[in-house]
>>> print(open('coords02.txt').read())   # compact mmCIF, C-alpha atoms
# COMPACT_ATOMS: atom_id res chain seq x y z
CA LYS A 1 92.39 163.74 -118.18
CA GLN A 2 92.42 164.68 -114.50
CA GLU A 3 89.92 162.82 -112.34
CA VAL A 4 89.20 163.60 -108.69
CA THR A 5 87.60 161.05 -106.40
CA GLN A 6 86.28 161.63 -102.90
CA ILE A 7 85.64 158.88 -100.41
CA PRO A 8 83.32 158.37 -98.64
CA ALA A 9 80.37 159.86 -100.54
CA ALA A 10 78.53 160.37 -97.26
CA LEU A 11 79.50 160.26 -93.61
CA SER A 12 77.44 160.53 -90.43
CA VAL A 13 79.17 161.03 -87.08
CA PRO A 14 78.21 162.02 -83.53
CA GLU A 15 79.14 165.47 -82.33
CA GLY A 16 82.66 165.77 -80.94
CA GLU A 17 84.20 163.08 -83.11
CA ASN A 18 87.39 163.71 -85.10
CA LEU A 19 87.07 162.73 -88.75
CA VAL A 20 88.99 162.46 -92.00
CA LEU A 21 87.74 163.09 -95.53
CA ASN A 22 89.73 161.68 -98.42
CA CYS A 23 90.47 163.02 -101.88
CA SER A 24 92.52 161.41 -104.63
CA PHE A 25 93.52 162.68 -108.06
CA THR A 26 94.97 160.89 -111.06
CA ASP A 27 97.45 163.44 -112.45
CA SER A 28 100.03 164.75 -110.00
CA ALA A 29 100.95 167.78 -112.19
CA ILE A 30 98.88 170.23 -110.15
CA TYR A 31 99.46 173.82 -109.06
CA ASN A 32 97.37 173.57 -105.92
CA LEU A 33 94.50 171.79 -104.21
CA GLN A 34 91.55 173.46 -102.55
CA TRP A 35 88.96 172.23 -100.10
CA PHE A 36 85.52 173.84 -100.17
CA ARG A 37 82.36 173.60 -98.14
CA GLN A 38 78.91 173.77 -99.74
CA ASP A 39 75.67 174.12 -97.82
CA PRO A 40 72.47 172.87 -99.54
CA GLY A 41 71.45 175.10 -102.44
CA LYS A 42 74.31 177.51 -101.81
CA GLY A 43 77.60 178.47 -103.39
CA LEU A 44 81.02 177.23 -102.31
CA THR A 45 83.04 178.55 -99.38
CA SER A 46 86.81 178.14 -99.63
CA LEU A 47 88.27 176.40 -96.57
CA LEU A 48 91.93 175.76 -97.35
CA LEU A 49 94.30 176.04 -100.30
CA ILE A 50 97.48 173.97 -100.40
CA GLN A 51 100.15 174.91 -102.93
CA SER A 52 101.83 172.03 -104.75
CA SER A 53 105.05 172.71 -102.82
CA GLN A 54 103.33 172.48 -99.44
CA ARG A 55 102.50 169.44 -97.34
CA GLU A 56 99.69 170.81 -95.20
CA GLN A 57 97.61 173.81 -94.21
CA THR A 58 95.70 174.48 -91.01
CA SER A 59 92.78 176.75 -90.19
CA GLY A 60 91.18 176.45 -86.80
CA ARG A 61 89.82 172.91 -86.39
CA LEU A 62 90.64 172.04 -90.00
CA ASN A 63 93.87 170.53 -91.27
CA ALA A 64 94.46 169.58 -94.88
CA SER A 65 97.40 167.52 -96.09
CA LEU A 66 98.73 166.95 -99.58
CA ASP A 67 100.85 164.10 -100.92
CA LYS A 68 101.28 165.15 -104.52
CA SER A 69 103.37 162.18 -105.61
CA SER A 70 100.71 159.68 -104.53
CA GLY A 71 97.82 161.90 -105.66
CA ARG A 72 96.14 162.14 -102.27
CA SER A 73 94.82 164.77 -99.90
CA THR A 74 93.00 164.50 -96.61
CA LEU A 75 90.87 166.98 -94.70
CA TYR A 76 90.93 166.43 -90.96
CA ILE A 77 88.15 167.98 -88.88
CA ALA A 78 88.72 168.01 -85.14
CA ALA A 79 85.94 167.97 -82.54
CA SER A 80 83.14 168.03 -85.11
CA GLN A 81 80.04 170.16 -84.47
CA PRO A 82 76.51 170.07 -85.95
CA GLY A 83 77.36 173.31 -87.78
CA ASP A 84 80.01 171.40 -89.74
CA SER A 85 77.24 169.50 -91.54
CA ALA A 86 77.65 170.25 -95.25
CA THR A 87 79.11 168.81 -98.43
CA TYR A 88 82.89 169.07 -98.62
CA LEU A 89 84.43 169.34 -102.06
CA CYS A 90 88.02 168.82 -103.10
CA ALA A 91 89.35 170.49 -106.26
CA VAL A 92 92.71 170.54 -108.02
CA ASN A 93 94.14 173.33 -110.14
CA GLN A 94 95.75 171.54 -113.06
CA GLY A 95 99.10 172.75 -114.35
CA GLY A 96 98.72 174.54 -117.69
CA SER A 97 95.08 175.44 -117.06
CA GLU A 98 93.26 177.85 -114.81
CA LYS A 99 90.29 175.60 -114.21
CA LEU A 100 89.51 173.69 -111.04
CA VAL A 101 88.62 170.01 -111.41
CA PHE A 102 86.26 168.94 -108.65
CA GLY A 103 85.36 165.69 -106.98
CA LYS A 104 81.72 164.86 -106.30
CA GLY A 105 82.05 165.71 -102.65
CA THR A 106 81.51 164.07 -99.28
CA LYS A 107 78.22 164.84 -97.56
CA LEU A 108 78.93 165.16 -93.83
CA THR A 109 76.25 164.99 -91.16
CA VAL A 110 77.23 165.70 -87.56
CA ASN A 111 74.53 164.55 -85.16
CA PRO A 112 73.98 166.41 -81.86
CA ASP B 1 78.97 192.86 -99.14
CA THR B 2 82.34 192.61 -100.87
CA GLY B 3 82.02 189.02 -102.11
CA VAL B 4 81.08 187.64 -105.52
CA SER B 5 77.46 188.38 -106.40
CA GLN B 6 75.23 186.74 -108.99
CA ASP B 7 71.89 187.76 -110.43
CA PRO B 8 69.29 186.37 -110.61
CA ARG B 9 69.47 183.73 -107.89
CA HIS B 10 66.75 181.66 -109.51
CA LYS B 11 65.48 181.51 -113.08
CA ILE B 12 62.65 179.40 -114.45
CA THR B 13 62.24 179.40 -118.20
CA LYS B 14 60.56 177.42 -120.94
CA ARG B 15 62.53 175.29 -123.35
CA GLY B 16 63.69 177.30 -126.34
CA GLN B 17 63.93 180.64 -124.52
CA ASN B 18 67.14 182.60 -124.07
CA VAL B 19 68.44 183.44 -120.60
CA THR B 20 71.24 185.70 -119.35
CA PHE B 21 72.99 185.60 -116.01
CA ARG B 22 75.20 188.26 -114.47
CA CYS B 23 78.22 187.93 -112.19
CA ASP B 24 79.97 190.72 -110.29
CA PRO B 25 83.38 189.59 -109.02
CA ILE B 26 85.31 190.87 -106.04
CA SER B 27 86.38 194.37 -107.13
CA GLU B 28 90.15 193.96 -107.43
CA HIS B 29 90.05 190.46 -108.93
CA ASN B 30 91.38 190.06 -112.45
CA ARG B 31 90.19 186.50 -113.13
CA LEU B 32 86.57 185.44 -113.43
CA TYR B 33 85.33 181.87 -113.89
CA TRP B 34 82.03 180.20 -114.76
CA TYR B 35 81.15 176.68 -113.60
CA ARG B 36 78.04 174.53 -113.87
CA GLN B 37 76.86 172.14 -111.16
CA THR B 38 74.15 169.51 -111.44
CA LEU B 39 72.59 167.66 -108.53
CA GLY B 40 74.99 165.33 -106.74
CA GLN B 41 77.98 166.37 -108.83
CA GLY B 42 80.90 168.69 -108.29
CA PRO B 43 81.07 171.91 -110.30
CA GLU B 44 82.33 171.60 -113.90
CA PHE B 45 84.42 174.32 -115.49
CA LEU B 46 82.86 176.26 -118.36
CA THR B 47 85.14 179.23 -119.10
CA TYR B 48 87.39 181.88 -117.58
CA PHE B 49 88.47 185.45 -118.22
CA GLN B 50 91.68 187.26 -117.46
CA ASN B 51 90.43 190.85 -117.33
CA GLU B 52 88.31 191.18 -120.49
CA ALA B 53 90.01 188.36 -122.43
CA GLN B 54 88.30 184.95 -122.53
CA LEU B 55 91.30 182.63 -122.31
CA GLU B 56 89.88 179.14 -121.87
CA LYS B 57 86.62 177.43 -122.77
CA SER B 58 85.43 173.94 -121.93
CA ARG B 59 83.96 171.61 -124.52
CA LEU B 60 80.83 171.81 -122.33
CA LEU B 61 80.39 175.37 -123.61
CA SER B 62 78.42 174.57 -126.77
CA ASP B 63 77.67 177.19 -129.41
CA ARG B 64 74.41 177.98 -127.56
CA PHE B 65 76.47 179.39 -124.69
CA SER B 66 78.29 182.70 -124.78
CA ALA B 67 80.10 184.58 -122.06
CA GLU B 68 81.40 188.13 -122.03
CA ARG B 69 83.33 190.39 -119.70
CA PRO B 70 83.41 193.59 -121.76
CA LYS B 71 85.19 195.96 -119.38
CA GLY B 72 87.03 193.46 -117.28
CA SER B 73 84.58 193.89 -114.41
CA PHE B 74 81.21 192.10 -114.41
CA SER B 75 80.49 189.16 -116.70
CA THR B 76 77.38 187.77 -118.39
CA LEU B 77 76.62 184.20 -119.41
CA GLU B 78 73.92 183.77 -122.03
CA ILE B 79 72.26 180.51 -123.00
CA GLN B 80 70.31 180.54 -126.23
CA ARG B 81 67.50 178.10 -127.11
CA THR B 82 67.55 176.53 -123.66
CA GLU B 83 67.11 172.77 -123.29
CA GLN B 84 65.99 170.75 -120.29
CA GLY B 85 69.55 169.46 -119.94
CA ASP B 86 70.70 173.02 -119.22
CA SER B 87 68.92 172.89 -115.85
CA ALA B 88 71.68 173.31 -113.27
CA MET B 89 73.28 175.72 -110.81
CA TYR B 90 75.55 178.18 -112.61
CA LEU B 91 78.38 179.33 -110.38
CA CYS B 92 80.69 182.27 -110.85
CA ALA B 93 84.04 182.63 -109.11
CA SER B 94 86.83 185.19 -109.08
CA SER B 95 90.46 185.27 -108.08
CA LEU B 96 93.17 187.87 -107.80
CA GLY B 97 94.99 186.54 -110.86
CA VAL B 98 98.37 188.26 -110.71
CA GLY B 99 101.66 186.58 -111.47
CA VAL B 100 102.44 183.40 -113.36
CA GLY B 101 100.59 180.19 -112.60
CA SER B 102 97.34 179.52 -110.83
CA THR B 103 98.09 179.89 -107.18
CA ASP B 104 95.11 181.98 -106.14
CA THR B 105 92.10 180.98 -104.11
CA GLN B 106 88.92 181.05 -106.17
CA TYR B 107 86.01 182.72 -104.35
CA PHE B 108 82.57 181.61 -105.39
CA GLY B 109 79.28 183.43 -105.61
CA PRO B 110 75.92 182.03 -104.42
CA GLY B 111 75.02 180.73 -107.89
CA THR B 112 72.06 181.06 -110.23
CA ARG B 113 69.74 178.07 -110.26
CA LEU B 114 68.25 177.54 -113.72
CA THR B 115 65.19 175.38 -114.27
CA VAL B 116 64.16 174.72 -117.87
CA LEU B 117 60.59 173.43 -118.21
>>> encode(input="coords02.txt", output="structure tokens")
Amino acid sequence: KQEVTQIPAALSVPEGENLVLNCSFTDSAIYNLQWFRQDPGKGLTSLLLIQSSQREQTSGRLNASLDKSSGRSTLYIAASQPGDSATYLCAVNQGGSEKLVFGKGTKLTVNP
Amino acid sequence: DTGVSQDPRHKITKRGQNVTFRCDPISEHNRLYWYRQTLGQGPEFLTYFQNEAQLEKSRLLSDRFSAERPKGSFSTLEIQRTEQGDSAMYLCASSLGVGVGSTDTQYFGPGTRLTVL
């Protein structure tokens, strides 16, 4: 059974700092990995999708990497801003199934 | 707005009542998914449709839960005889869903928050 773990559970940083969020998964037979952002009481916003054949994806100040063989992904946020404060969720699309398996998320607070 | 929409956004009901939620996916998307999220947890998969066919169901989807997508467009999720443990955010997502394998981004709606008293 696929399990996704995100560390740390919460992170508080001053504005302008670069930061890394970690995601690990137990079964490397995945189609892709997605990073999402969730604001309190809201739905999920897709940030980046990395196919299993890719090593990284970039969008603006965000860079996500994938090491499928070791079951790890990182989300790098450059020059963090207070507007980046949210919960960041990692999810893997398991081979042979259409479902996403999510971690519990990392709650990020960027202080002005 | 061309994103995924869900209705209602909030539902408060008494234990034992039936509730129905609606999801309208992005118009050209063939796949539609339902997830459930409780406080402090990531979303958990419930079921998904490819067009009108329900192709996968989680063990979380007990016999009190039923989902339909009759014309391959909008979907409904019904919960019968609600229990307090059903209180959660119910999220709908859609994806393009063409070709073999799951390589599409899933786009989520705002969710329906259910409170069972």
>>> interface_residues(input="coords02.txt", of="chain B", to="chain A", cutoff="6 Å", atoms="all atoms listed in the file", output="list in words")
Gln41, Gly42, Ser102, Phe108, Gly109, Pro110 and Gly111 of chain B
>>> atom_distance(input="coords02.txt", atom1="CA of Arg72 in chain A", atom2="CA of Thr58 in chain A")
16.7 Å
>>> residues_near_point(input="coords02.txt", point="(71.1, 175.1, -112.5)", cutoff="6 Å", atoms="only C-alpha atoms", output="PyMOL selection string")
chain B and resi 87-90+113-114
>>> write_last_selection(input="coords02.txt", atoms="C-alpha atoms", output="tab-separated table (two decimals), keeping the file's coordinate frame")
chain	number	residue	atom	x	y	z
B	87	SER	CA	68.92	172.89	-115.85
B	88	ALA	CA	71.68	173.31	-113.27
B	89	MET	CA	73.28	175.72	-110.81
B	90	TYR	CA	75.55	178.18	-112.61
B	113	ARG	CA	69.74	178.07	-110.26
B	114	LEU	CA	68.25	177.54	-113.72
>>> residues_around(input="coords02.txt", residues="range 20-24 of chain A", least_positions_apart="6", cutoff="7 Å", atoms="all atoms listed in the file", output="list in words")
Val4, Thr5, Gln6, Ile7, Gly71, Arg72, Ser73, Thr74, Leu75, Tyr76, Ile77 and Cys90 of chain A
>>> closest_residue(input="coords02.txt", among="B:Glu28, B:Thr82, B:Leu55, B:Pro70", to="Leu117 in chain B", atoms="only C-alpha atoms")
B:Thr82
>>> residues_near_point(input="coords02.txt", point="(79.7, 171.8, -91.8)", cutoff="10 Å", atoms="all atoms listed in the file", output="list in words")
Arg37, Gln38, Asp39, Ile77, Ser80, Gln81, Pro82, Gly83, Asp84, Ser85, Ala86, Thr87, Tyr88, Lys107, Leu108, Thr109 and Val110 of chain A
>>> atom_distance(input="coords02.txt", atom1="CA of Thr26 in chain A", atom2="CA of Glu3 in chain A")
5.6 Å
>>> atom_distance(input="coords02.txt", atom1="CA of Arg81 in chain B", atom2="CA of Arg69 in chain B")
21.4 Å
>>> closest_residue(input="coords02.txt", among="B:Gly97, B:Pro8, B:Gly72, B:Pro43", to="Val92 in chain A", atoms="only C-alpha atoms")
B:Pro43
>>> residues_around(input="coords02.txt", residues="Gly3 in chain B", least_positions_apart="3", cutoff="10 Å", atoms="all atoms listed in the file", output="ChimeraX atom specification")
/B:6,24-27,93-94,107-110
>>> closest_residue(input="coords02.txt", among="B:Asn51, B:Ser62, B:Asn30, B:Gln80", to="Lys14 in chain B", atoms="only C-alpha atoms")
B:Gln80
>>> closest_residue(input="coords02.txt", among="B:Ile79, B:Leu39, B:Cys23, B:Val116", to="Leu91 in chain B", atoms="all atoms listed in the file")
B:Cys23
>>> closest_residue(input="coords02.txt", among="B:Arg22, B:Arg31, B:Arg15, B:His10", to="Gln106 in chain B", atoms="only C-alpha atoms")
B:Arg31
